[in-house]
file model05.txt (compact mmCIF, C-alpha atoms and all ligand atoms)
# COMPACT_ATOMS: atom_id res chain seq x y z
CA MET A 22 29.82 -8.07 -8.19
CA GLN A 23 31.55 -5.51 -10.38
CA ASP A 24 34.58 -7.76 -10.56
CA TYR A 25 32.34 -10.67 -11.47
CA GLU A 26 30.62 -8.76 -14.29
CA LYS A 27 34.07 -7.92 -15.62
CA GLU A 28 35.15 -11.55 -15.42
CA LEU A 29 32.05 -12.65 -17.32
CA SER A 30 32.70 -10.20 -20.13
CA LEU A 31 36.32 -11.37 -20.38
CA LYS A 32 35.16 -14.99 -20.62
CA GLN A 33 32.58 -14.05 -23.26
CA GLU A 34 35.28 -12.26 -25.23
CA ARG A 35 37.68 -15.19 -24.98
CA VAL A 36 35.13 -17.75 -26.19
CA GLY A 37 33.90 -15.37 -28.92
CA HIS A 38 37.47 -14.83 -30.09
CA LEU A 39 38.36 -18.55 -30.15
CA LEU A 40 35.15 -19.52 -31.96
CA SER A 41 35.13 -16.63 -34.43
CA GLY A 42 34.78 -17.86 -38.00
CA LEU A 43 33.67 -21.27 -36.70
CA VAL A 44 30.36 -20.54 -34.95
CA PRO A 45 27.94 -17.97 -36.43
CA VAL A 46 26.18 -17.13 -33.16
CA VAL A 47 27.74 -17.02 -29.69
CA GLU A 48 25.00 -16.35 -27.16
CA PRO A 49 25.59 -14.22 -24.05
CA ILE A 50 27.43 -16.09 -21.30
CA ILE A 51 25.22 -17.61 -18.58
CA GLY A 52 26.65 -16.29 -15.33
CA ALA A 53 25.86 -17.24 -11.75
CA ASP A 54 23.33 -15.33 -9.65
CA ASN A 55 25.72 -15.71 -6.74
CA PRO A 56 29.34 -16.29 -7.81
CA TYR A 57 30.51 -17.04 -4.24
CA HIS A 58 30.28 -20.18 -2.09
CA TYR A 59 29.32 -22.40 -5.03
CA ARG A 60 31.70 -25.28 -4.36
CA ASN A 61 29.68 -28.22 -3.03
CA LYS A 62 32.84 -30.29 -2.51
CA VAL A 63 35.05 -28.77 0.14
CA HIS A 64 38.35 -30.26 1.04
CA ALA A 65 40.54 -29.00 3.85
CA ALA A 66 44.06 -30.13 4.65
CA LEU A 67 44.91 -29.96 8.35
CA GLY A 68 48.14 -28.78 9.90
CA MET A 69 49.64 -27.05 12.92
CA ASP A 70 50.78 -23.47 13.08
CA ARG A 71 52.44 -22.27 16.28
CA GLY A 72 50.54 -24.76 18.43
CA ARG A 73 47.19 -24.08 16.75
CA ILE A 74 45.33 -26.39 14.33
CA ILE A 75 44.78 -24.84 10.91
CA ALA A 76 42.54 -26.04 8.05
CA GLY A 77 42.48 -24.87 4.47
CA THR A 78 43.83 -25.29 0.96
CA TYR A 79 47.47 -25.49 -0.06
CA GLU A 80 49.22 -22.41 -1.36
CA PRO A 81 49.49 -23.09 -5.12
CA GLY A 82 52.54 -25.18 -6.00
CA THR A 83 53.44 -25.79 -2.34
CA HIS A 84 52.37 -27.88 0.61
CA LYS A 85 51.91 -24.85 2.84
CA ILE A 86 48.36 -24.74 4.22
CA ILE A 87 46.59 -21.39 4.05
CA ASP A 88 44.28 -21.26 7.07
CA GLY A 89 40.75 -20.70 5.70
CA GLY A 90 42.13 -20.64 2.14
CA GLY A 91 39.46 -21.14 -0.53
CA ASN A 92 36.57 -20.38 1.84
CA GLU A 93 35.07 -17.58 -0.27
CA LEU A 94 34.13 -20.05 -3.03
CA GLU A 95 33.15 -22.93 -0.74
CA ASN A 96 29.76 -23.91 0.64
CA GLU A 97 29.36 -21.95 3.87
CA SER A 98 27.80 -24.75 5.92
CA ALA A 99 30.64 -27.06 4.91
CA VAL A 100 33.19 -24.49 6.06
CA LYS A 101 31.39 -24.20 9.42
CA VAL A 102 31.53 -27.98 9.85
CA ILE A 103 35.25 -28.00 9.11
CA ASN A 104 35.87 -25.21 11.61
CA ASP A 105 33.93 -27.09 14.25
CA ILE A 106 35.86 -30.30 13.60
CA VAL A 107 39.02 -28.28 14.22
CA LYS A 108 37.56 -27.09 17.54
CA ILE A 109 36.56 -30.63 18.56
CA ALA A 110 40.03 -31.90 17.60
CA ALA A 111 41.66 -29.20 19.73
CA LYS A 112 39.38 -29.88 22.69
CA TYR A 113 40.07 -33.62 22.64
CA HIS A 114 43.79 -33.14 21.90
CA MET A 115 43.65 -35.17 18.71
CA SER A 116 47.03 -35.25 17.00
CA ILE A 117 47.28 -33.67 13.57
CA TYR A 118 49.14 -35.42 10.76
CA ASN A 119 52.49 -33.97 9.84
CA GLU A 120 53.48 -34.59 6.26
CA LYS A 121 57.18 -34.29 6.93
CA THR A 122 57.41 -36.73 9.84
CA GLY A 123 54.50 -38.97 8.79
CA GLN A 124 53.28 -38.77 12.41
CA GLY A 125 49.85 -37.74 13.67
CA PHE A 126 46.27 -38.99 13.30
CA LEU A 127 43.81 -36.47 11.84
CA ARG A 128 44.76 -35.64 8.29
CA ARG A 129 42.06 -34.08 6.15
CA ILE A 130 38.37 -33.32 6.02
CA LEU A 131 36.16 -33.60 2.97
CA VAL A 132 32.62 -32.27 3.01
CA ARG A 133 30.11 -32.74 0.18
CA THR A 134 26.78 -30.96 0.16
CA ALA A 135 23.63 -31.66 -1.82
CA ASP A 136 22.09 -28.24 -2.20
CA GLY A 137 18.93 -29.69 -3.77
CA THR A 138 18.09 -31.76 -0.68
CA GLY A 139 20.12 -30.14 2.10
CA GLN A 140 22.01 -33.37 2.81
CA MET A 141 25.66 -33.36 3.83
CA LEU A 142 28.40 -36.00 3.80
CA VAL A 143 31.49 -35.56 5.99
CA VAL A 144 34.58 -37.64 5.31
CA VAL A 145 37.19 -37.56 8.06
CA VAL A 146 40.56 -38.73 6.77
CA VAL A 147 42.80 -40.27 9.43
CA THR A 148 45.97 -42.35 9.44
CA ASP A 149 44.88 -45.26 11.65
CA HIS A 150 41.83 -47.51 11.84
CA MET A 151 41.93 -47.14 15.64
CA PHE A 152 39.96 -43.94 16.29
CA PRO A 153 39.92 -43.34 20.05
CA GLY A 154 36.71 -41.58 21.11
CA LYS A 155 35.08 -42.07 17.71
CA LYS A 156 31.56 -42.44 19.09
CA ASN A 157 31.84 -39.20 21.05
CA PHE A 158 33.39 -37.41 18.11
CA VAL A 159 30.47 -38.39 15.86
CA LYS A 160 27.89 -37.57 18.54
CA THR A 161 29.37 -34.14 19.24
CA LEU A 162 29.63 -33.28 15.54
CA VAL A 163 26.10 -34.37 14.64
CA GLY A 164 24.78 -32.64 17.77
CA LYS A 165 26.28 -29.36 16.55
CA HIS A 166 25.35 -29.92 12.92
CA PRO A 167 22.09 -31.81 12.44
CA GLU A 168 22.37 -31.07 8.71
CA ILE A 169 25.05 -33.79 8.53
CA THR A 170 23.32 -36.88 7.14
CA SER A 171 26.36 -39.15 6.86
CA ILE A 172 29.89 -39.48 8.24
CA VAL A 173 32.60 -41.67 6.77
CA ILE A 174 36.01 -42.32 8.30
CA ASN A 175 38.66 -42.85 5.63
CA ILE A 176 42.05 -44.32 6.45
CA ASN A 177 44.87 -42.86 4.41
CA ARG A 178 48.49 -43.72 5.16
CA ARG A 179 49.70 -42.87 1.68
CA THR A 180 52.64 -40.60 1.16
CA ASP A 181 51.48 -39.26 -2.24
CA SER A 182 48.99 -36.45 -2.71
CA MET A 183 45.85 -38.64 -2.95
CA ILE A 184 43.15 -37.19 -0.70
CA LEU A 185 41.53 -40.50 0.18
CA GLY A 186 42.99 -43.89 1.09
CA ASP A 187 41.53 -47.24 0.01
CA LYS A 188 39.74 -48.12 3.25
CA SER A 189 36.59 -46.42 4.47
CA GLU A 190 34.16 -47.03 7.30
CA VAL A 191 30.67 -45.57 7.30
CA CYS A 192 29.99 -44.56 10.89
CA TYR A 193 26.85 -42.47 10.55
CA GLY A 194 24.06 -42.50 7.94
CA PRO A 195 24.20 -44.35 4.61
CA GLY A 196 27.68 -43.28 3.45
CA TYR A 197 26.36 -41.16 0.61
CA ILE A 198 24.08 -38.19 -0.03
CA THR A 199 21.43 -37.65 -2.66
CA ASP A 200 21.20 -34.46 -4.70
CA THR A 201 18.80 -33.36 -7.42
CA LEU A 202 19.57 -31.91 -10.84
CA LEU A 203 16.65 -30.80 -13.03
CA GLY A 204 14.31 -32.93 -10.92
CA LYS A 205 16.38 -36.13 -11.17
CA LYS A 206 18.09 -37.75 -8.18
CA PHE A 207 21.79 -38.55 -7.96
CA SER A 208 23.77 -40.37 -5.27
CA ILE A 209 27.11 -38.90 -4.27
CA SER A 210 29.60 -40.85 -2.17
CA ALA A 211 33.04 -39.77 -0.96
CA GLU A 212 34.66 -40.48 -4.32
CA SER A 213 31.85 -40.04 -6.86
CA PHE A 214 32.37 -37.65 -9.73
CA TYR A 215 29.81 -34.85 -9.41
CA GLN A 216 29.53 -31.32 -10.76
CA ILE A 217 31.02 -28.84 -8.25
CA ASN A 218 28.56 -26.00 -8.94
CA ARG A 219 24.99 -27.31 -8.85
CA GLU A 220 23.23 -24.08 -9.82
CA GLN A 221 25.38 -23.62 -12.93
CA ALA A 222 25.41 -27.34 -13.80
CA GLN A 223 21.63 -27.22 -14.09
CA LYS A 224 21.85 -24.22 -16.42
CA LEU A 225 24.50 -26.00 -18.50
CA TYR A 226 22.41 -29.19 -18.77
CA ALA A 227 19.28 -27.19 -19.59
CA LYS A 228 21.15 -25.46 -22.42
CA ALA A 229 22.47 -28.81 -23.73
CA ILE A 230 18.91 -30.23 -23.64
CA GLU A 231 17.55 -27.13 -25.42
CA TYR A 232 20.22 -27.45 -28.15
CA ALA A 233 19.53 -31.19 -28.55
CA GLY A 234 15.94 -30.32 -29.58
CA LEU A 235 14.74 -33.75 -28.49
CA SER A 236 11.65 -35.63 -29.56
CA LYS A 237 10.28 -38.80 -27.98
CA SER A 238 11.66 -41.02 -30.70
CA ASP A 239 15.24 -39.70 -30.60
CA ARG A 240 18.13 -42.07 -29.92
CA VAL A 241 20.80 -40.18 -28.01
CA LEU A 242 24.44 -40.99 -27.38
CA ASP A 243 25.84 -39.39 -24.20
CA ALA A 244 29.60 -39.76 -24.72
CA TYR A 245 31.98 -39.14 -21.78
CA CYS A 246 28.87 -39.46 -19.58
CA GLY A 247 30.46 -39.66 -16.12
CA THR A 248 27.77 -40.87 -13.72
CA GLY A 249 25.09 -40.50 -16.39
CA THR A 250 23.74 -37.16 -15.20
CA ILE A 251 23.13 -35.46 -18.58
CA GLY A 252 21.65 -38.57 -20.19
CA ILE A 253 19.31 -39.19 -17.24
CA CYS A 254 18.21 -35.52 -17.30
CA MET A 255 17.42 -35.96 -21.02
CA SER A 256 15.70 -39.33 -20.67
CA ASP A 257 12.12 -38.04 -20.29
CA ASP A 258 12.35 -36.16 -23.60
CA ALA A 259 14.20 -38.82 -25.62
CA GLY A 260 13.41 -42.31 -26.90
CA SER A 261 16.60 -43.90 -25.61
CA VAL A 262 19.99 -42.85 -24.28
CA VAL A 263 23.27 -44.76 -24.45
CA GLY A 264 26.01 -43.40 -22.21
CA VAL A 265 29.70 -44.22 -22.73
CA GLU A 266 32.25 -43.75 -19.97
CA LEU A 267 35.81 -44.98 -19.41
CA ASN A 268 35.92 -44.87 -15.60
CA SER A 269 34.36 -48.09 -14.25
CA LYS A 270 33.49 -46.56 -10.86
CA ALA A 271 31.55 -43.79 -12.63
CA VAL A 272 29.79 -46.45 -14.74
CA SER A 273 28.66 -48.32 -11.64
CA ASP A 274 27.45 -45.02 -10.10
CA ALA A 275 25.59 -44.37 -13.36
CA GLY A 276 23.85 -47.75 -13.06
CA HIS A 277 22.77 -46.83 -9.55
CA ASN A 278 21.48 -43.44 -10.75
CA ILE A 279 19.53 -45.05 -13.60
CA ARG A 280 17.74 -47.33 -11.12
CA LYS A 281 17.16 -44.50 -8.67
CA ASN A 282 15.33 -42.54 -11.38
CA ASN A 283 13.61 -45.52 -13.04
CA ALA A 284 15.22 -44.30 -16.24
CA SER A 285 14.68 -47.59 -18.04
CA ASN A 286 15.48 -46.09 -21.46
CA VAL A 287 19.06 -45.25 -20.40
CA LYS A 288 22.00 -47.64 -20.43
CA VAL A 289 25.67 -46.93 -19.82
CA ILE A 290 28.57 -48.76 -21.40
CA ASN A 291 32.05 -48.97 -19.89
CA ALA A 292 34.32 -48.15 -22.83
CA ASP A 293 36.65 -45.65 -24.39
CA ALA A 294 34.37 -43.22 -26.23
CA THR A 295 36.46 -43.29 -29.42
CA GLU A 296 36.66 -47.08 -29.50
CA TYR A 297 32.92 -47.34 -28.93
CA MET A 298 32.20 -44.89 -31.74
CA GLU A 299 34.54 -46.62 -34.17
CA LYS A 300 33.08 -50.07 -33.41
CA THR A 301 29.52 -48.79 -33.66
CA ALA A 302 30.21 -47.02 -36.96
CA ALA A 303 31.89 -50.14 -38.36
CA ALA A 304 29.06 -52.46 -37.27
CA GLY A 305 26.48 -50.13 -38.82
CA LYS A 306 23.69 -51.48 -36.57
CA GLU A 307 23.16 -48.80 -33.95
CA GLN A 308 22.04 -45.35 -35.05
CA PHE A 309 21.85 -42.09 -33.20
CA ASP A 310 19.80 -38.96 -33.89
CA VAL A 311 21.77 -36.91 -31.39
CA VAL A 312 25.37 -37.33 -30.28
CA LEU A 313 26.16 -35.39 -27.12
CA LEU A 314 29.78 -35.28 -26.00
CA ASP A 315 31.29 -33.83 -22.85
CA PRO A 316 34.99 -34.72 -23.07
CA PRO A 317 37.75 -33.70 -20.63
CA ARG A 318 39.88 -30.61 -21.26
CA GLU A 319 41.92 -32.25 -24.01
CA GLY A 320 38.78 -32.50 -26.16
CA THR A 321 37.83 -35.48 -28.30
CA THR A 322 39.83 -37.36 -30.94
CA PRO A 323 39.93 -37.09 -34.76
CA GLU A 324 38.78 -40.75 -34.81
CA PHE A 325 35.70 -39.97 -32.69
CA ILE A 326 34.83 -37.13 -35.05
CA SER A 327 35.32 -39.23 -38.15
CA ALA A 328 33.13 -41.99 -36.67
CA CYS A 329 30.44 -39.31 -36.14
CA GLY A 330 30.75 -38.58 -39.87
CA LYS A 331 29.92 -42.25 -40.55
CA LEU A 332 27.10 -42.56 -37.99
CA LYS A 333 25.50 -39.36 -39.29
CA PRO A 334 23.42 -38.14 -36.34
CA SER A 335 21.32 -35.15 -37.33
CA ARG A 336 22.53 -33.03 -34.36
CA ILE A 337 25.68 -32.99 -32.28
CA VAL A 338 25.81 -31.19 -28.95
CA TYR A 339 29.35 -30.54 -27.78
CA VAL A 340 29.72 -29.62 -24.11
CA SER A 341 33.25 -28.34 -23.71
CA CYS A 342 35.31 -27.27 -20.70
CA ASN A 343 38.07 -25.88 -22.90
CA PRO A 344 37.21 -23.49 -25.76
CA GLU A 345 40.63 -24.05 -27.34
CA THR A 346 40.13 -27.77 -27.93
CA LEU A 347 36.51 -27.05 -28.88
CA ALA A 348 37.71 -24.72 -31.66
CA ARG A 349 40.23 -27.34 -32.83
CA ASP A 350 37.56 -30.09 -32.87
CA LEU A 351 34.98 -27.90 -34.65
CA LYS A 352 37.34 -27.61 -37.62
CA LEU A 353 37.48 -31.41 -37.88
CA PHE A 354 33.70 -31.70 -37.51
CA ALA A 355 33.33 -29.26 -40.42
CA GLU A 356 35.35 -31.67 -42.59
CA GLU A 357 32.81 -34.38 -41.73
CA GLY A 358 29.91 -32.19 -42.85
CA TYR A 359 28.92 -30.80 -39.45
CA SER A 360 28.75 -27.06 -39.12
CA ALA A 361 28.28 -25.21 -35.86
CA VAL A 362 24.92 -23.45 -35.53
CA LYS A 363 25.34 -21.67 -32.21
CA ALA A 364 27.24 -21.77 -28.96
CA CYS A 365 26.69 -20.53 -25.43
CA PRO A 366 29.35 -20.07 -22.75
CA VAL A 367 28.36 -21.03 -19.18
CA ASP A 368 30.34 -19.93 -16.14
CA MET A 369 30.63 -23.01 -13.92
CA PHE A 370 33.75 -21.97 -12.05
CA CYS A 371 33.34 -18.35 -11.03
CA PHE A 372 36.56 -16.54 -10.11
CA THR A 373 38.71 -19.08 -11.93
CA GLU A 374 40.01 -19.00 -15.50
CA HIS A 375 37.75 -21.89 -16.58
CA VAL A 376 34.71 -21.52 -18.81
CA GLU A 377 32.32 -24.13 -20.26
CA THR A 378 30.74 -23.84 -23.68
CA VAL A 379 27.78 -25.69 -25.16
CA CYS A 380 27.81 -25.85 -28.96
CA LEU A 381 25.19 -27.18 -31.40
CA LEU A 382 26.30 -28.64 -34.73
CA SER A 383 24.06 -29.84 -37.48
CA ASN A 384 24.57 -32.10 -40.45
CA THR A 385 24.78 -30.00 -43.59
CA GLN A 386 25.03 -32.88 -46.06
N1 LIG P 1 29.07 -35.59 -18.59
C1 LIG P 1 29.48 -35.83 -17.24
C2 LIG P 1 30.99 -35.97 -17.03
C3 LIG P 1 31.90 -35.09 -17.83
S1 LIG P 1 33.59 -35.12 -17.31
C4 LIG P 1 28.90 -34.79 -16.32
O1 LIG P 1 28.32 -33.80 -16.76
O2 LIG P 1 29.00 -34.95 -15.10
C5 LIG P 1 34.33 -36.11 -18.54
C6 LIG P 1 34.17 -37.59 -18.33
O3 LIG P 1 34.84 -38.25 -19.42
C7 LIG P 1 34.79 -38.16 -17.06
O4 LIG P 1 33.81 -38.90 -16.38
C8 LIG P 1 35.92 -39.09 -17.56
O5 LIG P 1 36.08 -40.25 -16.77
C9 LIG P 1 35.41 -39.46 -18.93
N2 LIG P 1 36.44 -39.88 -19.92
C10 LIG P 1 37.70 -39.42 -20.05
N3 LIG P 1 38.29 -39.99 -21.10
C11 LIG P 1 37.38 -40.83 -21.67
C12 LIG P 1 37.40 -41.68 -22.80
N4 LIG P 1 38.48 -41.79 -23.55
N5 LIG P 1 36.27 -42.38 -23.09
C13 LIG P 1 35.17 -42.27 -22.32
N6 LIG P 1 35.10 -41.48 -21.25
C14 LIG P 1 36.18 -40.76 -20.90

call {"tool": "encode", "arguments": {"input": "model05.txt", "output": "structure tokens"}}
result
Amino acid sequence: MQDYEKELSLKQERVGHLLSGLVPVVEPIIGADNPYHYRNKVHAALGMDRGRIIAGTYEPGTHKIIDGGGNELENESAVKVINDIVKIAAKYHMSIYNEKTGQGFLRRILVRTADGTGQMLVVVVVTDHMFPGKKNFVKTLVGKHPEITSIVININRRTDSMILGDKSEVCYGPGYITDTLLGKKFSISAESFYQINREQAQKLYAKAIEYAGLSKSDRVLDAYCGTGTIGICMSDDAGSVVGVELNSKAVSDAGHNIRKNNASNVKVINADATEYMEKTAAAGKEQFDVVLLDPPREGTTPEFISACGKLKPSRIVYVSCNPETLARDLKLFAEEGYSAVKACPVDMFCFTEHVETVCLLSNTQ
């Protein structure tokens, strides 16, 4: 824990330094109660080492599997399931895929856990749709791990580094799990985008909601909304929410999540966030009281920011996963009449270099 405290203060310092002169108040970083075993998405590559099956992550920059690599940050039940799959594979003499020769059957294992409900999805990645002994495999695994609520077999014959292939077969349960964030329900399938650290994601969303200072009549834009999680978590406190997301699979997951939560005041549009903002600003019909944005590491665009200047929301909440691009974008927001009021770093990825920051801007004109 001493190391973790040190890491938190370094992250605080880094964000404070990058935002100095731009944000008057940087609140204390929100750290994790338990910085270990937070990863709810656990992926193990399989290989052979001196006649023994090994499972773990790749050594950075290589394709050498480190047996048990990454386990200290991964969900412990997921790791146990992976270790037991290795034992079952050894017992039944299942062949393990060899990247160099392209031979072998069992390739990877992906486990996703929903810590809010205790559900677990196991994705077994193999190279052939013929899975000898599949029924027994599933029965043995579920017998050992009743916490598994769904098993999917994915067929991946690709030679690139994609984890999953295009074909999947649900062979136990519904093929997805349901998790909760701030009391709302979200479906997670093998490929869905979902926050890796549930405990910290909830703290991040709660901070974003606090900064948005919502009232029942507020119209909110949730830009770069992914599967709609932030917007849906805000929907009880807002009048309406429009989400914008580029990835069409995430948009269809968002539609599913909206229905699952009866969030009838939320809609999600499949578009480039900048294009949507520019069109909306030009049309001059739609208005927003709050613009929330959660862009990828490269930040947003000057065009998005200038469209914000035209749409004139009273508050902007910027959720950033890269304080450098946040600082760059804050300078452009200032030119549009938006000054930063406060910011708060949140540690979503303990024991990595990453840090998230939530920042509130208000219209000074
Ligand atoms: N707010 C969500 C997702 C944030 S990740 C959450 O908390 O889970 C950033 C998202 O931005 C991803 O879903 C990515 O697909 C999307 N994205 C990336 N570029 C985009 C663009 N130009 N326009 C709209 N969405 C974009």

call {"tool": "closest_residue", "arguments": {"input": "model05.txt", "among": "A:Ala294, A:Met369, A:Val379, A:Ile326", "to": "ligand LIG 1 (chain P)", "atoms": "all atoms listed in the file"}}
result
A:Ala294

call {"tool": "residues_around", "arguments": {"input": "model05.txt", "residues": "segment 22-37 of chain A", "least_positions_apart": "6", "cutoff": "10 Å", "atoms": "only C-alpha atoms", "output": "PyMOL selection string"}}
result
chain A and resi 43-57+343-345+347-348+364-368+371-378

call {"tool": "write_last_selection", "arguments": {"input": "model05.txt", "atoms": "C-alpha atoms", "output": "tab-separated table (two decimals), in the frame of the given file"}}
result
chain	number	residue	atom	x	y	z
A	43	LEU	CA	33.67	-21.27	-36.70
A	44	VAL	CA	30.36	-20.54	-34.95
A	45	PRO	CA	27.94	-17.97	-36.43
A	46	VAL	CA	26.18	-17.13	-33.16
A	47	VAL	CA	27.74	-17.02	-29.69
A	48	GLU	CA	25.00	-16.35	-27.16
A	49	PRO	CA	25.59	-14.22	-24.05
A	50	ILE	CA	27.43	-16.09	-21.30
A	51	ILE	CA	25.22	-17.61	-18.58
A	52	GLY	CA	26.65	-16.29	-15.33
A	53	ALA	CA	25.86	-17.24	-11.75
A	54	ASP	CA	23.33	-15.33	-9.65
A	55	ASN	CA	25.72	-15.71	-6.74
A	56	PRO	CA	29.34	-16.29	-7.81
A	57	TYR	CA	30.51	-17.04	-4.24
A	343	ASN	CA	38.07	-25.88	-22.90
A	344	PRO	CA	37.21	-23.49	-25.76
A	345	GLU	CA	40.63	-24.05	-27.34
A	347	LEU	CA	36.51	-27.05	-28.88
A	348	ALA	CA	37.71	-24.72	-31.66
A	364	ALA	CA	27.24	-21.77	-28.96
A	365	CYS	CA	26.69	-20.53	-25.43
A	366	PRO	CA	29.35	-20.07	-22.75
A	367	VAL	CA	28.36	-21.03	-19.18
A	368	ASP	CA	30.34	-19.93	-16.14
A	371	CYS	CA	33.34	-18.35	-11.03
A	372	PHE	CA	36.56	-16.54	-10.11
A	373	THR	CA	38.71	-19.08	-11.93
A	374	GLU	CA	40.01	-19.00	-15.50
A	375	HIS	CA	37.75	-21.89	-16.58
A	376	VAL	CA	34.71	-21.52	-18.81
A	377	GLU	CA	32.32	-24.13	-20.26
A	378	THR	CA	30.74	-23.84	-23.68

call {"tool": "closest_residue", "arguments": {"input": "model05.txt", "among": "A:Lys205, A:Ser383, A:Leu142, A:Gly264", "to": "Arg280 of chain A", "atoms": "only C-alpha atoms"}}
result
A:Lys205

call {"tool": "closest_atom_pairs", "arguments": {"input": "model05.txt", "of": "chain A", "to": "ligand LIG 1 (chain P)", "cutoff": "7 Å", "atoms": "only C-alpha atoms and all ligand atoms", "output": "CSV"}}
result
residue,atom,partner,partner_atom,distance
A:Phe214,CA,P:LIG1,O2,6.9
A:Tyr215,CA,P:LIG1,O2,5.7
A:Gln216,CA,P:LIG1,O2,5.7
A:Ala244,CA,P:LIG1,C13,6.6
A:Tyr245,CA,P:LIG1,O3,3.8
A:Cys246,CA,P:LIG1,N1,4.0
A:Gly247,CA,P:LIG1,O4,3.4
A:Thr248,CA,P:LIG1,O2,6.2
A:Gly249,CA,P:LIG1,C1,6.5
A:Thr250,CA,P:LIG1,O2,5.7
A:Ile251,CA,P:LIG1,O1,5.7
A:Val265,CA,P:LIG1,C13,5.8
A:Glu266,CA,P:LIG1,N6,3.9
A:Leu267,CA,P:LIG1,N6,4.0
A:Asn268,CA,P:LIG1,O5,4.8
A:Ala271,CA,P:LIG1,O4,6.6
A:Ala292,CA,P:LIG1,C13,6.0
A:Asp293,CA,P:LIG1,N5,3.5
A:Ala294,CA,P:LIG1,N5,3.8
A:Thr295,CA,P:LIG1,N4,6.4
A:Asp315,CA,P:LIG1,N1,5.1
A:Pro316,CA,P:LIG1,C5,4.8
A:Pro317,CA,P:LIG1,C5,4.7

call {"tool": "write_last_selection", "arguments": {"input": "model05.txt", "atoms": "C-alpha atoms", "output": "tab-separated table (two decimals), in the frame of the given file"}}
result
chain	number	residue	atom	x	y	z
A	214	PHE	CA	32.37	-37.65	-9.73
A	215	TYR	CA	29.81	-34.85	-9.41
A	216	GLN	CA	29.53	-31.32	-10.76
A	244	ALA	CA	29.60	-39.76	-24.72
A	245	TYR	CA	31.98	-39.14	-21.78
A	246	CYS	CA	28.87	-39.46	-19.58
A	247	GLY	CA	30.46	-39.66	-16.12
A	248	THR	CA	27.77	-40.87	-13.72
A	249	GLY	CA	25.09	-40.50	-16.39
A	250	THR	CA	23.74	-37.16	-15.20
A	251	ILE	CA	23.13	-35.46	-18.58
A	265	VAL	CA	29.70	-44.22	-22.73
A	266	GLU	CA	32.25	-43.75	-19.97
A	267	LEU	CA	35.81	-44.98	-19.41
A	268	ASN	CA	35.92	-44.87	-15.60
A	271	ALA	CA	31.55	-43.79	-12.63
A	292	ALA	CA	34.32	-48.15	-22.83
A	293	ASP	CA	36.65	-45.65	-24.39
A	294	ALA	CA	34.37	-43.22	-26.23
A	295	THR	CA	36.46	-43.29	-29.42
A	315	ASP	CA	31.29	-33.83	-22.85
A	316	PRO	CA	34.99	-34.72	-23.07
A	317	PRO	CA	37.75	-33.70	-20.63

call {"tool": "atom_distance", "arguments": {"input": "model05.txt", "atom1": "atom CA of Arg129 of chain A", "atom2": "atom CA of Val146 of chain A"}}
result
4.9 Å

call {"tool": "residues_around", "arguments": {"input": "model05.txt", "residues": "Gly89 of chain A", "least_positions_apart": "3", "cutoff": "7 Å", "atoms": "all atoms listed in the file", "output": "VMD selection string"}}
result
chain A and resid 76 to 77 92

call {"tool": "residues_around", "arguments": {"input": "model05.txt", "residues": "Ser171 of chain A", "least_positions_apart": "2", "cutoff": "12 Å", "atoms": "all atoms listed in the file", "output": "PyMOL selection string"}}
result
chain A and resi 131-135+139-145+159-160+162-163+166-169+173-174+190-199+209-211

call {"tool": "atom_distance", "arguments": {"input": "model05.txt", "atom1": "atom CA of Pro334 of chain A", "atom2": "atom CA of Ser41 of chain A"}}
result
24.6 Å

call {"tool": "atom_distance", "arguments": {"input": "model05.txt", "atom1": "atom CA of Asn286 of chain A", "atom2": "atom CA of Val311 of chain A"}}
result
14.9 Å

call {"tool": "closest_atom_pairs", "arguments": {"input": "model05.txt", "of": "segment 144-236 of chain A", "to": "segment 103-119 of chain A", "cutoff": "9 Å", "atoms": "only C-alpha atoms", "output": "CSV"}}
result
residue,atom,partner,partner_atom,distance
A:Val147,CA,A:Tyr118,CA,8.1
A:Thr148,CA,A:Tyr118,CA,7.7
A:Gly154,CA,A:Tyr113,CA,8.8
A:Phe158,CA,A:Ile109,CA,7.5
A:Thr161,CA,A:Ile109,CA,8.0
A:Leu162,CA,A:Ile106,CA,7.2
A:Lys165,CA,A:Asp105,CA,8.3

call {"tool": "closest_residue", "arguments": {"input": "model05.txt", "among": "A:Glu319, A:Glu97, A:Asp310, A:Glu357", "to": "Asp243 of chain A", "atoms": "all atoms listed in the file"}}
result
A:Asp310

call {"tool": "closest_residue", "arguments": {"input": "model05.txt", "among": "A:Ser236, A:Asn291, A:Gln124, A:Thr170", "to": "Val263 of chain A", "atoms": "only C-alpha atoms"}}
result
A:Asn291

call {"tool": "axis_aligned_box", "arguments": {"input": "model05.txt", "around": "segment 343-347 of chain A", "padding_each_side": "8 Å", "output": "AutoDock Vina command-line options"}}
result
--center_x 38.6 --center_y -25.6 --center_z -25.9 --size_x 20.1 --size_y 20.3 --size_z 22.0

call {"tool": "closest_residue", "arguments": {"input": "model05.txt", "among": "A:Val340, A:Ala229, A:Cys329, A:Ala284", "to": "Ser256 of chain A", "atoms": "all atoms listed in the file"}}
result
A:Ala284

call {"tool": "residues_around", "arguments": {"input": "model05.txt", "residues": "Asp350 of chain A", "least_positions_apart": "5", "cutoff": "8 Å", "atoms": "all atoms listed in the file", "output": "list in words"}}
result
Gly320, Thr321, Thr322, Pro323 and Ile326 of chain A

call {"tool": "write_last_selection", "arguments": {"input": "model05.txt", "atoms": "C-alpha atoms", "output": "short mmCIF file (atom, residue, chain, number, x, y, z; two decimals), keeping the file's coordinate frame"}}
result
data_model
loop_
_atom_site.label_atom_id
_atom_site.label_comp_id
_atom_site.auth_asym_id
_atom_site.auth_seq_id
_atom_site.Cartn_x
_atom_site.Cartn_y
_atom_site.Cartn_z
CA GLY A 320 38.78 -32.50 -26.16
CA THR A 321 37.83 -35.48 -28.30
CA THR A 322 39.83 -37.36 -30.94
CA PRO A 323 39.93 -37.09 -34.76
CA ILE A 326 34.83 -37.13 -35.05
#
